$ cat my_file16.txt   # compact mmCIF, C-alpha atoms and all ligand atoms
# COMPACT_ATOMS: atom_id res chain seq x y z
CA MET M 34 -2.02 18.53 16.41
CA TYR M 35 0.25 19.28 13.44
CA ILE M 36 2.17 16.09 12.59
CA LEU M 37 4.91 15.63 10.02
CA GLY M 38 4.80 12.11 8.53
CA LEU M 39 7.86 10.64 6.84
CA GLU M 40 7.95 7.45 4.75
CA SER M 41 11.06 5.80 3.26
CA SER M 42 10.45 2.04 3.48
CA CYS M 43 10.90 1.23 -0.20
CA ASP M 44 11.29 3.38 -3.31
CA GLU M 45 9.39 6.53 -2.36
CA THR M 46 10.68 9.33 -0.17
CA ALA M 47 7.50 10.95 1.08
CA ALA M 48 6.66 13.64 3.62
CA SER M 49 3.38 15.21 4.61
CA VAL M 50 1.87 17.57 7.16
CA VAL M 51 -1.45 16.33 8.56
CA VAL M 52 -3.65 17.99 11.18
CA ASN M 53 -5.33 15.76 13.78
CA GLY M 54 -4.78 12.60 11.74
CA SER M 55 -7.30 13.62 9.12
CA LYS M 56 -6.64 16.91 7.29
CA ILE M 57 -3.80 16.86 4.79
CA LEU M 58 -2.03 20.21 4.46
CA SER M 59 0.65 18.87 2.10
CA SER M 60 1.80 15.54 0.70
CA ILE M 61 5.04 15.30 -1.26
CA VAL M 62 6.19 12.03 -2.84
CA ALA M 63 9.58 11.72 -4.55
CA SER M 64 9.42 8.49 -6.53
CA GLN M 65 12.56 6.55 -7.46
CA ILE M 66 10.77 4.45 -10.09
CA ASP M 67 12.84 5.84 -12.98
CA ILE M 68 16.06 4.71 -11.29
CA HIS M 69 14.90 1.18 -10.44
CA ARG M 70 12.96 0.56 -13.66
CA ILE M 71 16.09 -0.28 -15.66
CA TYR M 72 16.87 -3.08 -13.18
CA GLY M 73 13.33 -4.49 -13.28
CA GLY M 74 12.83 -4.01 -9.53
CA VAL M 75 14.00 -2.06 -6.49
CA VAL M 76 17.77 -2.17 -5.88
CA PRO M 77 18.09 -1.72 -2.07
CA GLU M 78 21.42 0.13 -2.00
CA LEU M 79 20.34 2.57 -4.71
CA ALA M 80 17.09 3.13 -2.81
CA SER M 81 18.97 4.08 0.38
CA ARG M 82 21.25 6.48 -1.46
CA LYS M 83 18.33 8.16 -3.21
CA HIS M 84 16.45 8.56 0.10
CA LEU M 85 19.54 10.24 1.50
CA GLU M 86 19.52 12.76 -1.36
CA ALA M 87 15.77 13.36 -1.24
CA VAL M 88 14.87 13.40 2.44
CA VAL M 89 15.79 17.01 3.28
CA PRO M 90 14.29 18.62 0.13
CA VAL M 91 11.12 16.53 0.45
CA VAL M 92 10.59 17.54 4.09
CA GLU M 93 11.31 21.19 3.24
CA GLU M 94 8.79 21.06 0.40
CA ALA M 95 6.16 19.43 2.62
CA LEU M 96 6.53 22.26 5.18
CA ASP M 97 6.54 24.89 2.42
CA CYS M 98 3.39 23.54 0.77
CA ALA M 99 1.66 23.32 4.15
CA GLY M 100 2.58 26.98 4.67
CA ILE M 101 4.09 26.38 8.09
CA SER M 102 7.52 26.53 9.67
CA ALA M 103 8.99 23.48 11.44
CA GLU M 104 8.42 25.22 14.80
CA LYS M 105 4.66 24.88 14.31
CA LEU M 106 4.88 21.05 14.35
CA ASP M 107 3.54 19.26 17.43
CA GLY M 108 5.12 15.93 16.59
CA MET M 109 6.61 13.67 13.98
CA ALA M 110 5.80 10.14 12.79
CA VAL M 111 8.17 8.01 10.72
CA THR M 112 7.97 4.54 9.18
CA GLN M 113 9.82 2.03 11.39
CA GLY M 114 9.09 -1.11 9.33
CA PRO M 115 8.48 -3.38 7.56
CA GLY M 116 10.59 -2.51 4.55
CA LEU M 117 14.15 -2.32 3.27
CA VAL M 118 16.39 -1.76 6.28
CA GLY M 119 18.82 0.61 4.58
CA ALA M 120 15.93 2.67 3.19
CA LEU M 121 14.09 2.76 6.53
CA LEU M 122 17.23 3.85 8.38
CA VAL M 123 17.50 7.03 6.31
CA GLY M 124 14.03 8.28 7.28
CA PHE M 125 14.30 6.97 10.84
CA CYS M 126 17.65 8.64 11.60
CA PHE M 127 16.44 11.85 10.00
CA ALA M 128 13.35 11.79 12.23
CA LYS M 129 15.39 11.27 15.38
CA GLY M 130 17.62 14.24 14.61
CA PHE M 131 14.80 16.47 13.39
CA ALA M 132 12.57 15.80 16.42
CA TYR M 133 15.49 16.20 18.81
CA GLY M 134 16.46 19.50 17.20
CA LEU M 135 12.91 20.83 17.47
CA ASP M 136 12.31 19.24 20.87
CA ILE M 137 9.04 17.63 19.73
CA PRO M 138 7.72 14.09 20.41
CA TRP M 139 8.18 11.50 17.65
CA ILE M 140 6.97 7.96 17.03
CA GLY M 141 8.02 5.05 14.80
CA VAL M 142 5.00 3.71 12.92
CA ASN M 143 4.26 0.36 11.29
CA HIS M 144 3.91 0.93 7.52
CA LEU M 145 0.87 -1.38 7.38
CA GLU M 146 -0.89 0.63 10.10
CA GLY M 147 -0.23 3.65 7.92
CA HIS M 148 -1.95 2.03 4.92
CA ILE M 149 -4.99 1.08 7.02
CA ASN M 150 -5.27 4.58 8.50
CA SER M 151 -5.13 6.11 5.00
CA VAL M 152 -8.92 5.69 4.83
CA PHE M 153 -9.27 8.31 7.57
CA LEU M 154 -7.69 10.95 5.34
CA GLU M 155 -10.82 11.07 3.16
CA LYS M 156 -14.09 12.90 3.83
CA ASP M 157 -16.20 9.79 4.37
CA VAL M 158 -14.65 7.43 6.87
CA PRO M 159 -15.58 3.93 8.04
CA GLU M 160 -16.98 3.20 11.47
CA PHE M 161 -15.31 0.69 13.77
CA PRO M 162 -15.28 -2.22 13.60
CA PHE M 163 -14.59 -2.78 9.90
CA THR M 164 -12.70 -5.32 7.82
CA ALA M 165 -9.79 -4.06 5.73
CA LEU M 166 -8.05 -5.62 2.77
CA LEU M 167 -4.45 -4.45 2.58
CA VAL M 168 -3.08 -5.13 -0.90
CA SER M 169 0.38 -3.87 -1.78
CA GLY M 170 3.66 -4.96 -3.33
CA GLY M 171 4.73 -6.70 -0.14
CA HIS M 172 1.46 -7.66 1.57
CA THR M 173 -1.96 -9.12 0.94
CA SER M 174 -3.82 -9.42 4.22
CA ILE M 175 -7.25 -9.01 5.75
CA TYR M 176 -7.62 -7.33 9.14
CA TYR M 177 -10.52 -6.90 11.51
CA VAL M 178 -10.01 -3.31 12.63
CA THR M 179 -11.51 -2.29 15.98
CA GLY M 180 -9.65 0.99 16.49
CA HIS M 181 -7.01 3.21 14.90
CA THR M 182 -4.30 1.14 16.56
CA ARG M 183 -6.14 -2.17 17.03
CA PHE M 184 -6.01 -4.86 14.37
CA GLU M 185 -6.71 -8.59 14.23
CA LEU M 186 -5.08 -10.44 11.34
CA MET M 187 -7.72 -12.66 9.71
CA GLY M 188 -5.66 -13.99 6.80
CA GLN M 189 -2.69 -13.28 4.59
CA THR M 190 -0.90 -14.51 1.52
CA ARG M 191 1.02 -17.75 1.78
CA ASP M 192 3.32 -16.84 -1.09
CA ASP M 193 3.32 -13.77 -3.35
CA ALA M 194 1.57 -10.53 -2.51
CA ALA M 195 -1.02 -9.43 -5.09
CA GLY M 196 1.11 -6.44 -6.16
CA GLU M 197 4.14 -8.69 -6.48
CA ALA M 198 2.12 -10.99 -8.78
CA PHE M 199 1.15 -7.97 -10.91
CA ASP M 200 4.81 -6.94 -11.09
CA LYS M 201 5.99 -10.45 -12.02
CA VAL M 202 3.36 -10.96 -14.72
CA SER M 203 4.28 -7.55 -16.12
CA LYS M 204 7.90 -8.68 -16.31
CA MET M 205 6.89 -11.94 -18.07
CA LEU M 206 5.02 -9.89 -20.66
CA GLY M 207 8.02 -7.59 -21.12
CA LEU M 208 6.02 -4.57 -19.93
CA GLY M 209 8.38 -3.25 -17.27
CA TYR M 210 8.37 -2.22 -13.62
CA PRO M 211 6.28 -1.53 -11.63
CA GLY M 212 3.67 -3.62 -13.38
CA GLY M 213 0.40 -2.99 -11.56
CA ALA M 214 -0.62 0.20 -13.29
CA LEU M 215 0.65 -1.06 -16.69
CA ILE M 216 -1.33 -4.32 -16.46
CA GLY M 217 -4.38 -2.40 -15.26
CA ARG M 218 -4.24 -0.13 -18.30
CA LEU M 219 -3.83 -2.97 -20.83
CA ALA M 220 -6.53 -5.04 -19.13
CA GLN M 221 -9.08 -2.37 -19.97
CA ASN M 222 -8.63 -3.23 -23.66
CA GLY M 223 -8.62 -7.00 -23.14
CA ASP M 224 -11.30 -9.67 -23.02
CA ARG M 225 -11.66 -10.72 -19.37
CA GLU M 226 -13.25 -14.04 -20.27
CA LYS M 227 -11.05 -15.23 -23.12
CA ILE M 228 -8.41 -16.88 -20.91
CA ASN M 229 -9.74 -18.46 -17.76
CA PHE M 230 -6.79 -18.38 -15.37
CA PRO M 231 -7.26 -20.35 -12.11
CA ARG M 232 -8.63 -18.69 -8.97
CA SER M 233 -7.02 -20.03 -5.84
CA PHE M 234 -9.58 -19.75 -3.03
CA LEU M 235 -7.75 -22.24 -0.76
CA ASP M 236 -10.10 -23.05 2.16
CA LYS M 237 -13.20 -20.98 1.36
CA THR M 238 -14.00 -20.49 5.05
CA ARG M 239 -10.59 -18.95 5.75
CA PHE M 240 -8.97 -15.75 4.57
CA ASP M 241 -5.51 -16.73 3.35
CA PHE M 242 -4.39 -16.06 -0.21
CA SER M 243 -2.09 -17.75 -2.72
CA PHE M 244 -1.08 -16.22 -6.04
CA SER M 245 1.83 -18.47 -7.05
CA GLY M 246 -0.37 -20.96 -8.97
CA LEU M 247 -1.94 -18.15 -10.97
CA LYS M 248 1.50 -16.72 -11.73
CA THR M 249 2.73 -20.16 -12.93
CA SER M 250 -0.35 -20.55 -15.06
CA VAL M 251 0.29 -17.19 -16.77
CA SER M 252 3.93 -18.16 -17.28
CA ARG M 253 2.91 -21.49 -18.92
CA TYR M 254 0.44 -19.72 -21.16
CA ILE M 255 3.18 -17.35 -22.33
CA GLN M 256 5.59 -20.26 -22.91
CA THR M 257 3.08 -22.10 -25.09
CA ASN M 258 2.25 -18.90 -27.01
CA PRO M 259 5.71 -17.33 -27.45
CA VAL M 260 4.73 -14.78 -30.10
CA LEU M 261 2.03 -12.58 -28.65
CA SER M 262 0.06 -9.92 -30.47
CA ARG M 263 -0.92 -6.70 -28.69
CA GLU M 264 -4.46 -8.05 -28.49
CA GLN M 265 -3.30 -11.28 -26.82
CA ILE M 266 -1.20 -9.33 -24.29
CA CYS M 267 -4.30 -7.31 -23.38
CA ASP M 268 -6.32 -10.53 -22.99
CA ILE M 269 -3.66 -12.05 -20.71
CA ALA M 270 -3.57 -8.87 -18.63
CA ALA M 271 -7.38 -8.84 -18.41
CA GLY M 272 -7.65 -12.56 -17.56
CA PHE M 273 -4.94 -12.31 -14.92
CA GLU M 274 -6.35 -9.14 -13.36
CA GLU M 275 -9.83 -10.66 -13.22
CA ALA M 276 -8.53 -13.77 -11.45
CA VAL M 277 -6.74 -11.65 -8.79
CA VAL M 278 -9.69 -9.31 -8.31
CA ASP M 279 -12.21 -12.17 -7.98
CA VAL M 280 -10.22 -13.77 -5.16
CA LEU M 281 -9.63 -10.46 -3.34
CA CYS M 282 -13.34 -9.54 -3.48
CA PHE M 283 -14.49 -13.01 -2.41
CA LYS M 284 -12.21 -13.12 0.62
CA LEU M 285 -12.91 -9.55 1.77
CA LEU M 286 -16.67 -9.98 1.55
CA GLY M 287 -16.40 -13.34 3.34
CA ALA M 288 -14.38 -11.75 6.14
CA ALA M 289 -16.91 -8.91 6.51
CA GLN M 290 -19.72 -11.45 6.71
CA LYS M 291 -17.88 -13.53 9.30
CA LYS M 292 -17.33 -10.49 11.53
CA GLN M 293 -20.73 -9.01 10.65
CA CYS M 294 -19.21 -5.69 9.60
CA ARG M 295 -21.24 -3.20 7.58
CA HIS M 296 -18.15 -1.27 6.55
CA ILE M 297 -15.15 -2.54 4.61
CA ALA M 298 -11.95 -0.87 3.36
CA VAL M 299 -9.42 -1.54 0.63
CA VAL M 300 -5.96 0.03 1.04
CA GLY M 301 -2.40 -0.24 -0.36
CA GLY M 302 -0.89 0.23 -3.81
CA VAL M 303 -3.13 -2.36 -5.53
CA ALA M 304 -6.21 -0.54 -4.20
CA ALA M 305 -5.51 1.92 -7.05
CA ASN M 306 -6.58 -0.82 -9.47
CA LYS M 307 -9.66 0.36 -11.36
CA ARG M 308 -11.22 -3.07 -11.82
CA LEU M 309 -10.80 -3.95 -8.14
CA ARG M 310 -12.39 -0.65 -7.11
CA GLU M 311 -15.36 -1.14 -9.46
CA LYS M 312 -15.95 -4.76 -8.61
CA ILE M 313 -15.70 -4.53 -4.83
CA VAL M 314 -18.04 -1.52 -4.77
CA ARG M 315 -20.61 -3.36 -6.91
CA GLN M 316 -20.44 -6.63 -4.97
CA ALA M 317 -20.49 -4.86 -1.60
CA GLU M 318 -23.51 -2.80 -2.57
CA ASN M 319 -25.36 -6.00 -3.48
CA LYS M 320 -24.73 -7.20 0.06
CA GLY M 321 -25.66 -3.88 1.67
CA LEU M 322 -22.08 -3.08 2.68
CA GLN M 323 -20.32 0.27 2.37
CA VAL M 324 -16.81 0.34 0.89
CA PHE M 325 -14.11 2.88 1.76
CA ILE M 326 -11.15 3.17 -0.59
CA PRO M 327 -8.74 6.13 -0.43
CA GLY M 328 -8.16 8.22 -3.55
CA THR M 329 -5.45 6.73 -5.79
CA ASP M 330 -2.87 9.26 -4.48
CA LEU M 331 -3.27 7.77 -1.02
CA CYS M 332 -3.14 4.10 -2.10
CA GLY M 333 0.58 4.06 -2.92
CA ASP M 334 3.17 4.84 -0.27
CA ASN M 335 2.90 8.37 1.14
CA GLY M 336 3.78 10.37 4.22
CA ALA M 337 0.20 11.38 5.07
CA MET M 338 -0.80 7.84 6.07
CA ILE M 339 2.20 7.67 8.41
CA ALA M 340 1.26 11.00 10.00
CA ALA M 341 -2.35 9.76 10.34
CA ALA M 342 -1.30 6.53 12.07
CA GLY M 343 1.25 8.29 14.28
CA TYR M 344 -1.27 10.86 15.45
CA TYR M 345 -3.24 8.34 17.56
CA TYR M 346 -0.11 7.25 19.43
CA LEU M 347 1.24 10.76 19.93
CA LYS M 348 -2.16 11.98 21.12
CA SER M 349 -2.16 9.31 23.81
CA GLY M 350 1.35 10.32 24.89
CA LEU M 351 3.21 7.37 23.39
CA VAL M 352 6.63 8.24 21.92
CA SER M 353 9.65 6.34 20.60
CA GLY M 354 13.01 6.37 22.36
CA MET M 355 16.30 7.50 20.87
CA ASP M 356 17.55 3.89 21.16
CA SER M 357 14.73 2.45 18.99
CA ASP M 358 15.60 0.68 15.75
CA VAL M 359 13.96 -0.14 12.40
CA TYR M 360 12.71 -3.64 11.46
CA SER M 361 12.55 -5.32 8.07
CA ARG M 362 9.69 -7.69 8.95
CA VAL M 363 6.98 -7.50 11.54
CA ALA M 364 3.50 -8.85 12.04
CA LEU M 365 0.67 -6.40 12.56
O1 LIG E 1 1.61 0.19 -1.28
P1 LIG E 1 2.66 0.26 -2.34
O2 LIG E 1 2.90 1.58 -3.02
O3 LIG E 1 4.04 -0.23 -1.81
C1 LIG E 1 4.15 -1.31 -0.92
O4 LIG E 1 3.94 -1.07 0.31
O5 LIG E 1 4.41 -2.42 -1.41
O6 LIG E 1 2.26 -0.84 -3.45
C2 LIG E 1 3.01 -1.03 -4.60
C3 LIG E 1 2.35 -2.12 -5.44
C4 LIG E 1 3.20 -2.54 -6.64
O7 LIG E 1 3.29 -3.96 -6.65
C5 LIG E 1 2.39 -2.03 -7.82
O8 LIG E 1 2.55 -2.81 -8.99
C6 LIG E 1 0.97 -2.11 -7.30
O9 LIG E 1 1.08 -1.70 -5.95
N1 LIG E 1 0.05 -1.24 -8.03
C7 LIG E 1 -1.03 -1.70 -8.73
C8 LIG E 1 -1.61 -0.56 -9.33
N2 LIG E 1 -0.91 0.54 -8.99
C9 LIG E 1 0.12 0.10 -8.18
N3 LIG E 1 -1.50 -2.94 -8.89
C10 LIG E 1 -2.60 -3.09 -9.66
N4 LIG E 1 -3.21 -2.07 -10.29
C11 LIG E 1 -2.77 -0.80 -10.16
N5 LIG E 1 -3.40 0.20 -10.78
ZN ZN E 2 3.10 0.38 1.14

$ encode --input "my_file16.txt" --output "structure tokens"
Amino acid sequence: MYILGLESSCDETAASVVVNGSKILSSIVASQIDIHRIYGGVVPELASRKHLEAVVPVVEEALDCAGISAEKLDGMAVTQGPGLVGALLVGFCFAKGFAYGLDIPWIGVNHLEGHINSVFLEKDVPEFPFTALLVSGGHTSIYYVTGHTRFELMGQTRDDAAGEAFDKVSKMLGLGYPGGALIGRLAQNGDREKINFPRSFLDKTRFDFSFSGLKTSVSRYIQTNPVLSREQICDIAAGFEEAVVDVLCFKLLGAAQKKQCRHIAVVGGVAANKRLREKIVRQAENKGLQVFIPGTDLCGDNGAMIAAAGYYYLKSGLVSGMDSDVYSRVAL
């Protein structure tokens, strides 16, 4: 089945052609970061307008790069939520019209299901059941995954998402938006042990997260040390990153142990973090677990993960109706 996946939930307009939920023929991502950077975060109205400009060229490019015409498509999958409503509506309305025009089935997909299914776009894939850590700008959750469309939420953040904490700390340090990749780069030159920021494990037998205390602690440190050298900024980045990574690894490994899973996955924008990738692989190996993390291109928002998630619904004959709507928040 040739599926076109379309993603427009935040600040990336992305389209991709994927065969049978696993083989990527093309994946085009038009990022709006340069537009939002000057405002220090995503401006919803600007995001919608930029999606409107980009959606047709991005879909055309995805078909071009895949070397197929639209008539070859067997179906279409589009992000239905969660996300910015105005941004989602652009992709969603496009999908309705496009699928109607081609007379092909289409399905609205949960963005988080897309992230989890991104692991199936790689060569080595996990076996069910596995535990997945979803770490992005809007979410930090652990799921027990028993099938491509079957998830049990084991825990989630009570306040900030991990990516949001990265972005806020980056802002405090005057580094800019989005902060995750910037902090990650500086952290590599910092001393991870110099500043011991607090790790919030909450109840160690449960799988919820909290990053607001850590964020406040970084903010206080910056207030008491108002003039920071480059070296100190790197140490703050390294200390902060280490605190986040330690908690993420601890909770994911604990969840895998509780469910007795041999396979674990890390997905979402923060899964691109080098330190997180290194540390979870090392700690998992010590426990005899196998870790699956998509390549960095597939960690951030993309259309391929939406096509991958949509495939399993379309294959079983499930489709969305023309009266279906987007949603800004939804539990998975
Ligand atoms: O999955 P994603 O692209 O969008 C959402 O669904 O939210 O995730 C974006 C988040 C941002 O908060 C960004 O700062 C973070 O992922 N991020 C990183 C890295 N690259 C992106 N965080 C830590 N280290 C990175 N290398
Ligand atoms: Zn995302």

$ closest_residue --input "my_file16.txt" --among "M:Phe131, M:Phe199, M:Tyr35, M:Phe153" --to "ligand LIG 1 (chain E)" --atoms "all atoms listed in the file"
M:Phe199

$ residues_around --input "my_file16.txt" --residues "M:Leu351" --least-positions-apart "2" --cutoff "9 Å" --atoms "only C-alpha atoms" --output "ChimeraX atom specification"
/M:138-140,345-349,353

$ residues_near_ligand --input "my_file16.txt" --ligand "ligand LIG 1 (chain E)" --cutoff "9 Å" --atoms "only C-alpha atoms and all ligand atoms" --output "number ranges by chain"
M: 42-45, 115-116, 144-145, 148, 167-172, 194-201, 203, 210-218, 274, 300-309, 329, 331-335

$ residues_around --input "my_file16.txt" --residues "M:Val260" --least-positions-apart "6" --cutoff "12 Å" --atoms "all atoms listed in the file" --output "ChimeraX atom specification"
/M:206-207,254,266

$ closest_residue --input "my_file16.txt" --among "M:Arg315, M:Asn222, M:Phe163, M:Ala63" --to "M:Gln293" --atoms "only C-alpha atoms"
M:Phe163

$ residues_around --input "my_file16.txt" --residues "stretch 242-249 of chain M" --least-positions-apart "2" --cutoff "9 Å" --atoms "only C-alpha atoms" --output "PyMOL selection string"
chain M and resi 173-174+188-195+198-199+201-202+230-235+240+251-254+273+276-277+280-281+284
